file input-v1.txt (compact mmCIF, C-alpha atoms)
# COMPACT_ATOMS: atom_id res chain seq x y z
CA MET A 1 92.59 9.75 11.91
CA LYS A 2 92.57 10.43 8.19
CA THR A 3 92.99 14.07 7.26
CA ILE A 4 91.31 15.20 4.04
CA GLN A 5 92.42 18.61 2.85
CA ARG A 6 92.40 20.02 -0.66
CA SER A 7 95.53 22.07 -1.10
CA LEU A 8 94.07 24.48 -3.63
CA GLN A 9 92.75 27.64 -2.07
CA ILE A 10 89.54 27.81 -4.09
CA LEU A 11 86.32 29.62 -3.35
CA CYS A 12 83.54 27.46 -1.92
CA LEU A 13 85.55 24.28 -2.45
CA PHE A 14 83.71 22.18 0.08
CA PRO A 15 80.02 23.13 0.21
CA VAL A 16 79.36 19.41 0.48
CA LEU A 17 80.04 19.87 4.15
CA LEU A 18 76.33 20.55 4.27
CA ALA A 19 75.85 16.93 3.34
CA ALA A 20 73.92 15.98 6.42
CA ALA A 21 71.21 18.56 5.89
CA CYS A 22 67.74 17.28 6.76
CA ALA A 23 69.02 13.71 7.04
CA PRO A 24 69.11 11.69 10.28
CA ALA A 25 72.61 11.56 11.66
CA SER A 26 74.43 10.88 14.88
CA THR A 27 75.13 13.43 17.58
CA PRO A 28 78.12 15.60 16.63
CA LEU A 29 81.46 14.06 17.44
CA PRO A 30 83.45 15.53 20.33
CA GLY A 31 85.25 18.62 19.18
CA ALA A 32 83.23 18.90 15.97
CA VAL A 33 82.21 22.33 14.76
CA THR A 34 78.50 23.11 14.72
CA THR A 35 77.98 25.21 11.64
CA GLU A 36 75.87 28.23 12.48
CA ALA A 37 74.76 29.66 9.16
CA PRO A 38 75.86 33.28 8.77
CA THR A 39 73.46 36.19 8.79
CA VAL A 40 72.84 37.65 5.35
CA PRO A 41 72.67 41.47 5.16
CA ALA A 42 69.06 42.69 5.22
CA ALA A 43 69.21 44.20 1.74
CA ALA A 44 70.24 40.86 0.29
CA SER A 45 68.18 38.53 2.46
CA ALA A 46 64.90 40.25 1.56
CA GLU A 47 65.22 38.81 -1.93
CA LEU A 48 66.08 35.26 -0.86
CA THR A 49 62.92 33.21 -0.58
CA GLY A 50 61.73 29.91 -2.01
CA THR A 51 63.49 28.99 -5.24
CA ALA A 52 66.33 31.51 -4.89
CA LEU A 53 67.00 30.52 -1.29
CA TYR A 54 67.24 26.85 -2.26
CA GLN A 55 69.41 27.65 -5.27
CA PHE A 56 72.00 29.61 -3.29
CA SER A 57 72.07 27.69 -0.02
CA CYS A 58 70.93 24.10 -0.69
CA ALA A 59 71.28 23.01 -4.32
CA ALA A 60 75.09 22.77 -4.29
CA CYS A 61 74.82 19.74 -2.02
CA HIS A 62 71.29 18.42 -2.39
CA GLY A 63 71.15 18.93 -6.15
CA LYS A 64 69.04 21.20 -8.30
CA ASP A 65 66.58 18.31 -8.70
CA HIS A 66 66.46 17.61 -4.93
CA THR A 67 67.78 14.05 -5.44
CA GLY A 68 71.00 14.47 -3.47
CA SER A 69 74.58 13.89 -4.60
CA THR A 70 77.48 11.48 -4.19
CA PHE A 71 81.07 12.71 -4.11
CA GLU A 72 84.39 10.89 -4.03
CA LEU A 73 87.33 12.44 -2.21
CA ALA A 74 90.58 10.76 -1.19
CA GLY A 75 88.97 7.34 -1.19
CA GLN A 76 86.00 8.49 0.87
CA THR A 77 82.44 8.44 -0.46
CA ILE A 78 80.29 11.27 0.81
CA LYS A 79 76.57 10.93 0.17
CA VAL A 80 74.29 13.92 0.36
CA PRO A 81 70.65 13.07 1.08
CA GLY A 82 67.87 13.98 -1.30
CA LEU A 83 65.05 16.29 -0.27
CA ASP A 84 62.16 14.40 -1.83
CA TRP A 85 59.03 15.54 0.00
CA ASP A 86 57.42 12.09 0.09
CA ASN A 87 60.46 10.65 1.84
CA MET A 88 60.67 13.59 4.22
CA ASN A 89 56.97 13.26 4.96
CA ARG A 90 57.36 9.60 5.91
CA SER A 91 60.33 10.37 8.12
CA PHE A 92 58.94 13.37 9.97
CA LYS A 93 55.42 12.08 10.54
CA ALA A 94 56.68 9.20 12.69
CA ASP A 95 56.24 11.31 15.84
CA PRO A 96 53.28 13.67 15.41
CA SER A 97 53.73 14.91 18.97
CA ARG A 98 56.68 16.93 17.68
CA GLY A 99 54.42 18.89 15.35
CA SER A 100 53.33 18.75 11.73
CA VAL A 101 55.75 17.65 9.04
CA PRO A 102 56.43 21.25 7.86
CA GLU A 103 56.98 22.32 11.48
CA GLN A 104 59.51 19.54 12.03
CA VAL A 105 61.29 20.27 8.75
CA ALA A 106 61.52 23.90 9.91
CA LEU A 107 63.23 22.69 13.10
CA ALA A 108 65.68 20.68 10.97
CA ILE A 109 66.51 23.78 8.93
CA THR A 110 66.81 26.28 11.77
CA LYS A 111 67.92 24.16 14.74
CA GLY A 112 69.42 21.02 13.18
CA GLN A 113 66.92 18.61 14.74
CA ASP A 114 66.27 15.23 13.14
CA ALA A 115 62.94 13.37 13.06
CA GLY A 116 63.47 12.15 16.61
CA GLY A 117 64.49 15.50 18.04
CA GLY A 118 68.19 14.56 18.13
CA GLU A 119 71.00 16.60 16.67
CA LEU A 120 71.88 16.33 12.99
CA ASN A 121 75.56 15.99 12.13
CA SER A 122 77.48 19.20 12.80
CA MET A 123 78.13 19.62 9.08
CA MET A 124 74.53 20.72 8.72
CA PRO A 125 74.38 24.51 9.16
CA ARG A 126 71.77 25.78 11.61
CA TRP A 127 69.97 28.39 9.50
CA SER A 128 68.70 30.26 12.56
CA ALA A 129 69.11 33.66 10.90
CA LEU A 130 66.31 32.98 8.40
CA SER A 131 62.99 34.69 9.04
CA GLN A 132 59.86 32.61 9.50
CA ALA A 133 58.67 33.78 6.09
CA GLN A 134 61.91 32.56 4.48
CA VAL A 135 61.70 29.17 6.19
CA ASP A 136 58.06 28.78 5.17
CA SER A 137 58.85 29.72 1.56
CA LEU A 138 61.74 27.25 1.42
CA ILE A 139 59.61 24.41 2.76
CA GLN A 140 56.83 25.27 0.33
CA TYR A 141 59.31 25.23 -2.54
CA ILE A 142 60.62 21.78 -1.56
CA GLN A 143 57.07 20.51 -1.09
CA THR A 144 55.30 21.85 -4.14
CA GLU A 145 57.45 23.44 -6.82
CA ASP A 146 59.02 21.99 -9.93
CA PRO A 147 62.74 21.64 -9.14
CA THR A 148 63.61 22.44 -12.76
CA ASN A 149 62.41 26.01 -12.26
CA GLU A 150 65.20 28.48 -11.60
CA ALA A 151 65.08 31.97 -10.14
CA THR A 152 68.38 33.72 -9.66
CA ALA A 153 68.64 36.45 -7.03
CA THR A 154 70.36 38.87 -9.39
CA ASN A 155 70.71 41.61 -6.76
CA LEU A 156 72.69 39.40 -4.38
CA MET A 157 76.21 40.76 -4.49
CA GLY A 158 79.58 40.65 -2.73
CA GLU A 159 79.12 40.18 0.99
CA GLY A 160 75.62 38.77 0.55
CA LEU A 161 76.87 36.13 -1.88
CA PHE A 162 79.74 35.15 0.41
CA ARG A 163 77.54 34.89 3.50
CA THR A 164 74.84 32.94 1.67
CA SER A 165 76.89 30.47 -0.35
CA CYS A 166 80.43 30.30 1.08
CA ALA A 167 80.72 31.27 4.74
CA ALA A 168 79.04 28.16 6.15
CA CYS A 169 82.07 26.14 5.01
CA HIS A 170 84.88 28.67 4.84
CA GLY A 171 83.92 30.70 7.89
CA MET A 172 82.79 34.26 8.32
CA ASP A 173 86.45 35.26 8.53
CA GLY A 174 87.36 33.34 5.35
CA ALA A 175 90.00 31.37 7.27
CA GLY A 176 88.50 27.95 6.56
CA LYS A 177 87.05 25.44 9.01
CA THR A 178 87.66 21.92 10.25
CA PHE A 179 84.86 19.36 10.61
CA ASP A 180 84.82 15.82 11.96
CA LYS A 181 82.78 13.13 10.23
CA ASP A 182 82.95 9.35 10.59
CA GLY A 183 86.42 9.46 12.09
CA ASN A 184 87.82 11.72 9.38
CA THR A 185 88.85 15.34 9.55
CA ILE A 186 87.71 17.50 6.65
CA ALA A 187 89.45 20.86 6.42
CA THR A 188 88.20 23.66 4.21
CA PRO A 189 90.78 26.03 2.70
CA SER A 190 91.36 29.62 3.62
CA LEU A 191 90.10 32.31 1.24
CA HIS A 192 92.48 34.99 2.45
CA TRP A 193 93.55 37.03 -0.53
CA SER A 194 97.29 36.67 0.14
CA GLU A 195 96.94 32.90 -0.17
CA LEU A 196 94.70 33.07 -3.20
CA ARG A 197 97.12 35.47 -4.87
CA GLN A 198 100.05 33.15 -4.20
CA THR A 199 98.21 30.21 -5.74
CA PHE A 200 96.78 31.94 -8.80
CA SER A 201 99.85 33.99 -9.73
CA ARG A 202 101.88 30.94 -10.71
CA ASP A 203 100.82 31.02 -14.36
CA PRO A 204 100.10 34.58 -15.52
CA ASN A 205 99.39 33.26 -19.01
CA ARG A 206 96.01 32.13 -17.68
CA GLY A 207 95.02 35.68 -16.81
CA SER A 208 95.11 37.93 -13.79
CA VAL A 209 94.49 36.58 -10.30
CA PRO A 210 90.90 37.92 -10.19
CA GLU A 211 90.22 36.45 -13.65
CA GLN A 212 91.48 33.01 -12.60
CA ILE A 213 89.48 33.07 -9.36
CA ALA A 214 86.41 33.95 -11.42
CA LEU A 215 87.05 30.81 -13.51
CA ALA A 216 87.33 28.76 -10.33
CA ILE A 217 83.97 30.09 -9.16
CA THR A 218 82.06 29.68 -12.42
CA THR A 219 83.70 26.73 -14.18
CA GLY A 220 85.62 24.93 -11.43
CA GLN A 221 89.12 25.43 -12.82
CA ASP A 222 92.15 25.29 -10.55
CA GLU A 223 95.28 27.39 -11.01
CA SER A 224 96.55 25.08 -13.76
CA GLY A 225 93.26 24.97 -15.67
CA ALA A 226 92.43 21.44 -14.47
CA GLN A 227 89.05 20.57 -13.00
CA LEU A 228 88.49 20.87 -9.28
CA ASN A 229 86.84 18.05 -7.39
CA THR A 230 83.11 17.82 -8.15
CA MET A 231 82.41 18.91 -4.59
CA MET A 232 83.09 22.39 -5.86
CA PRO A 233 79.85 23.79 -7.31
CA ARG A 234 80.10 25.44 -10.70
CA TRP A 235 78.35 28.75 -10.02
CA SER A 236 77.70 29.26 -13.72
CA PHE A 237 74.34 30.95 -13.19
CA LEU A 238 75.94 33.98 -11.54
CA SER A 239 76.14 37.11 -13.65
CA GLN A 240 79.52 38.67 -14.40
CA ALA A 241 78.63 41.53 -12.06
CA GLN A 242 77.92 39.07 -9.24
CA VAL A 243 81.19 37.20 -9.79
CA ASP A 244 83.16 40.45 -9.92
CA SER A 245 81.53 41.67 -6.70
CA LEU A 246 82.33 38.41 -4.93
CA VAL A 247 85.98 38.44 -6.01
CA GLN A 248 86.25 42.08 -4.95
CA TYR A 249 84.74 41.26 -1.57
CA LEU A 250 87.35 38.57 -0.99
CA GLN A 251 90.14 40.89 -2.07
CA THR A 252 89.16 43.81 0.13
CA THR A 253 87.86 41.94 3.18
CA PHE A 254 90.25 39.02 3.66
CA LYS A 255 93.67 40.51 2.99

call {"tool": "encode", "arguments": {"input": "input-v1.txt", "output": "structure tokens"}}
result
Amino acid sequence: MKTIQRSLQILCLFPVLLAAACAPASTPLPGAVTTEAPTVPAAASAELTGTALYQFSCAACHGKDHTGSTFELAGQTIKVPGLDWDNMNRSFKADPSRGSVPEQVALAITKGQDAGGGELNSMMPRWSALSQAQVDSLIQYIQTEDPTNEATATNLMGEGLFRTSCAACHGMDGAGKTFDKDGNTIATPSLHWSELRQTFSRDPNRGSVPEQIALAITTGQDESGAQLNTMMPRWSFLSQAQVDSLVQYLQTTFK
């Protein structure tokens, strides 16, 4: 079995592990991890609806324009499905006995069910912690809103940012995860501060460890200044305060 593992210990390096979201896929492989999306603290989650919810939890894989993405890694092509409403409508209306199209899309989001009621690939997080209002707002955004519109949840900080945009891949404990897909093993790196510090202290001319991690988050730079794989989202829309709070959360929580 091929093992795919990026050696750099970079924040949110593999959010593409959500690649199977809302796309028909086979039943999870034996031993595969089912990704239960983490609960966002109440103070942060109250702000995350519609556009902001999509931006923080979906766009990294499915694209800001909802058209999906294609990534290359170690000779493997990973395709992320688009979330075009017309295509989703055709897929989910095939069996009206399962409910309306929005109701079935809600089941895909919260329970990982495909159009036939089967299980989506385990790389798709089960966003069961979302409230009904959040799920409805997200579906409405996908269905009706202009994907070029942006709304940043500026009050989402530290723990809320990690839980919303990183933990599904790297784990609630920041230790990384291992997923099985198509006979390959995809391992996400640990975000424990001791490992991050070891990696980003090799060239102090590039700045302090927190400064270099901030560059990895916002511009996708590794410890040498080279570009990370495109699977790593460039979280350039985050404010400096948000980035600082996220780096501080990693430093104080995952020692």

call {"tool": "atom_distance", "arguments": {"input": "input-v1.txt", "atom1": "atom CA of Glu103 of chain A", "atom2": "atom CA of Ala115 of chain A"}}
result
10.9 Å

call {"tool": "atom_distance", "arguments": {"input": "input-v1.txt", "atom1": "atom CA of Thr49 of chain A", "atom2": "atom CA of Ser137 of chain A"}}
result
5.8 Å

call {"tool": "residues_around", "arguments": {"input": "input-v1.txt", "residues": "Val135 of chain A", "least_positions_apart": "3", "cutoff": "9 Å", "atoms": "only C-alpha atoms", "output": "list in words"}}
result
Thr49, Gly50, Ala106, Ile109, Thr110, Trp127, Leu130, Ser131, Gln132, Leu138, Ile139 and Gln140 of chain A

call {"tool": "residues_around", "arguments": {"input": "input-v1.txt", "residues": "Gly117 of chain A", "least_positions_apart": "6", "cutoff": "10 Å", "atoms": "all atoms listed in the file", "output": "mmCIF file with C-alpha atoms, in the coordinates of the input"}}
result
data_model
loop_
_atom_site.group_PDB
_atom_site.id
_atom_site.type_symbol
_atom_site.label_atom_id
_atom_site.label_comp_id
_atom_site.auth_asym_id
_atom_site.auth_seq_id
_atom_site.Cartn_x
_atom_site.Cartn_y
_atom_site.Cartn_z
ATOM 1 C CA PRO A 24 69.110 11.690 10.280
ATOM 2 C CA ASP A 95 56.240 11.310 15.840
ATOM 3 C CA ARG A 98 56.680 16.930 17.680
ATOM 4 C CA GLN A 104 59.510 19.540 12.030
ATOM 5 C CA LEU A 107 63.230 22.690 13.100
ATOM 6 C CA ALA A 108 65.680 20.680 10.970
ATOM 7 C CA LYS A 111 67.920 24.160 14.740
#

call {"tool": "residues_around", "arguments": {"input": "input-v1.txt", "residues": "Gly174 of chain A", "least_positions_apart": "6", "cutoff": "8 Å", "atoms": "only C-alpha atoms", "output": "list in words"}}
result
Ala167, Ser190, Leu191, His192 and Phe254 of chain A

call {"tool": "atom_distance", "arguments": {"input": "input-v1.txt", "atom1": "atom CA of Arg234 of chain A", "atom2": "atom CA of Leu161 of chain A"}}
result
14.2 Å

call {"tool": "axis_aligned_box", "arguments": {"input": "input-v1.txt", "around": "segment 57-65 of chain A", "padding_each_side": "3 Å", "output": "AutoDock Vina command-line options"}}
result
--center_x 70.8 --center_y 23.0 --center_z -4.4 --size_x 14.5 --size_y 15.4 --size_z 14.7

call {"tool": "closest_residue", "arguments": {"input": "input-v1.txt", "among": "A:Thr199, A:Gln143, A:Asn121, A:Thr230", "to": "Asp180 of chain A", "atoms": "only C-alpha atoms"}}
result
A:Asn121
